[in-house]
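Q: Supplied in structure tokens, the structure appears directly below.
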Amino acid sequence: MTFFSKIIGTGSYLPPKRVSNQDLTAQLAANGIETSDEWIFSRSGISARHYAEPMVTSSDLALVAAQRALSAASLQANDIDLIILATSTPDFLGGFPSTACVLQHKLGINNGAAAVDVQAVCSGFIYAMAMADSMIKTGAHKNVLVVGAEVFSRILNFEDRTTCVLFGDGAGAIVMSRSTEPGVLATKLHADGSQSHVLCVSGNVNAGVLNGSAFLYMDGKAVFKLAVSALEKVANEVLEIAGLDAAQIDWLVPHQANIRIMQSTAKKLNMSMDKVVVTVDQHGNTSAASIPLALDVAIRDGRIQKGQTVMLEGVGGGFTWGAAIVKM
């Protein structure tokens with residue numbers, strides 16, 4: 001029997017603390033850092049972001065998003081037999097125990113379901129989706145919870161206005177299940193480690209001592225150039241695999257990093273921005289959480305309908321990138 005994987009439920013969560021550009025501008029000004037709402041918005045399309053409270057972790061955000069996705073899928077937590085969680089900000093130093101295992105416990109899953117973290121930064125959710133798709137198609141798993149969750153505010157240098165204004169915290173989740181009809185039509189993943197230096201957190205711990213920086217570093221111009229090129233290429237690759245052309249895509253749900261990158265990608269695909277789901281204005285760049293956040297918003301507000309064809313794509317540190325095409 002041929003197995004397919006299909007998205008049957010989505011959920012998302014933003015922590016309650018909303019920080020507008022004006023709020024952040026005032027906070028930075030108090031520390032002698034000059035910026036403005038106009039400067040931030042014109043360069044990124046971001047108007048606000050959300051920050052988690054000090055003791056709130058990625059798994060806490062993931063829990064709410066996962067519960068909402070399970071509810072939308074009409075499943076119980078113990079129906080899940082695999083959790084794949086994408087994050088660059090795991091609950092624990094060193095990344096273990098995995099945030100996926102912590103989430104499994106918080107959800108009350110006691111069926112021995114497998115749980116694993118994926119680290120591909122902003123592309124992490126696409127990587128996790130592709131892995132879930134493969135696991136379902138082999139028959140190894142039936143119901144997979146795929147999550148992107150981040151508390152990027154913990155790794156931001158608030159003395160660097162070029163990066164600290166761009167990122168926020170949040171979580172998004174989907175339930176992918178075995179289906180008799182196609183859902184995920186194609187996926188494609190890439191990486192180029194030679195570009196690891198353009199977007200990174202370069203520090204490491206040795207004998208309890210931090211070497212290097214614990215803050216995010218980004219070469220904005222290099223990332224923009226790489227992102228636009230990579231996203232165009234992987235979009236065309238995944239279209240070819242699915243046997244489709246761009247005109248047959250109902251919605252593009254890109255990584256919510258920067259409105260200029262999204263506009264450039266849409267233009268290269270000859271796609272109207274009316275068909276692009278944009279949520280970056282309200283939550284900034286939430287890394288691995290941004291694609292499932294945007295997908296959930298567009299499903300819940302009625303834009304994305306059952307039966308439509310959706311392209312998801314992301315690019316992130318590593319350097320990593322990937323895309324997926326799904327029939328909803």
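Chain identifiers are assigned as A, B, and so on, following the order in which chains appear in the structure tokens; residues are numbered from 1 within each chain, and ligands are numbered from 1 in order of appearance.
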Each residue of stretch 216-255 of chain A with at least one atom at most 7 Å from stretch 276-294 of chain A should appear once, together with its nearest atom pair and the corresponding distance in Å (one decimal); atoms considered: only C-alpha atoms; ordering: chain, then increasing residue number; output as CSV.

A:
residue,atom,partner,partner_atom,distance
A:Trp251,CA,A:Val276,CA,5.8
A:Leu252,CA,A:Val276,CA,4.8
A:Val253,CA,A:Val277,CA,5.2
A:Pro254,CA,A:Ile291,CA,6.2
A:His255,CA,A:Ile291,CA,5.1

Q: Quick one: residues within 9 Å of A:Gln119, only C-alpha atoms, excluding same-chain residues fewer than 6 positions away - as a VMD selection string?

A: chain A and resid 85 to 88 127 288

Q: Return the single residue from A:Ala128, A:Ile174, A:Met218, A:Val64 that is closest to A:Thr10, with distances computed using only C-alpha atoms.

A: A:Ile174

Q: Considering only C-alpha atoms, give me a table of residues in stretch 171-213 of chain A that are at most 9 Å from stretch 148-151 of chain A, with the closest atom pair and distance in Å for each, as a Markdown table.

A:
| residue | atom | partner | partner_atom | distance |
| --- | --- | --- | --- | --- |
| A:Ala171 | CA | A:Ala149 | CA | 4.1 |
| A:Gly172 | CA | A:Gly148 | CA | 5.4 |
| A:Ala173 | CA | A:Gly148 | CA | 6.3 |

Q: Put those residues in a file: C-alpha atoms, as a JSON list (two decimals), in the first residue's frame.

A:
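Just written: out_22.json:
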[["chain", "number", "residue", "atom", "x", "y", "z"],
["A", 171, "ALA", "CA", 5.85, 28.74, 18.27],
["A", 172, "GLY", "CA", 3.93, 27.03, 15.50],
["A", 173, "ALA", "CA", 2.89, 23.41, 15.07]]

Q: Return the single residue from A:Asp301, A:Glu240, A:Glu53, A:Glu232 that is closest to A:Lys268, with distances computed using only C-alpha atoms.

A: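 Of A:Asp301, A:Glu240, A:Glu53, A:Glu232, the one nearest A:Lys268 is A:Glu232, counting only C-alpha atoms.
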
Q: In terms of the shortest atom-to-atom distance over only C-alpha atoms, which of A:Lys225, A:Lys327, A:Arg161, A:Lys17 is closest to A:Ile33?

A: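 Counting only C-alpha atoms, the residue closest to A:Ile33 is A:Arg161.
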
Q: Given only C-alpha atoms as the basis, pick out the residue of A:Ala62, A:Leu216, A:Ile126, A:Val223 nearest to A:Glu313.

A: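 Looking at the shortest contact to A:Glu313, the residue is A:Ile126.
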
Q: Just list as a PyMOL selection string whatever in stretch 24-106 of chain A DSSP marks as helix (DSSP H, G or I).

A: chain A and resi 24-29+37-44+58-73+77-79+93-95+99-106

Q: Could you please write out, as a PyMOL selection string, every residue of stretch 58-210 of chain A that DSSP assigns to strand (DSSP E)?

A: chain A and resi 82-86+114-118+143-151+169-179+184-191+199-200+204-206+209-210

Q: Give the answer as one residue: which of A:Asp37, A:Glu181, A:Asp296, A:Asp219 has the shortest atom-to-atom distance to A:Gln195, using only C-alpha atoms?

A: A:Asp219

Q: Which residues come within 12 Å of A:Phe224, counting only C-alpha atoms, excluding same-chain residues fewer than 3 positions away, as a PyMOL selection string?

A: chain A and resi 43-44+198-199+218-221+227-231+257-265+315-317
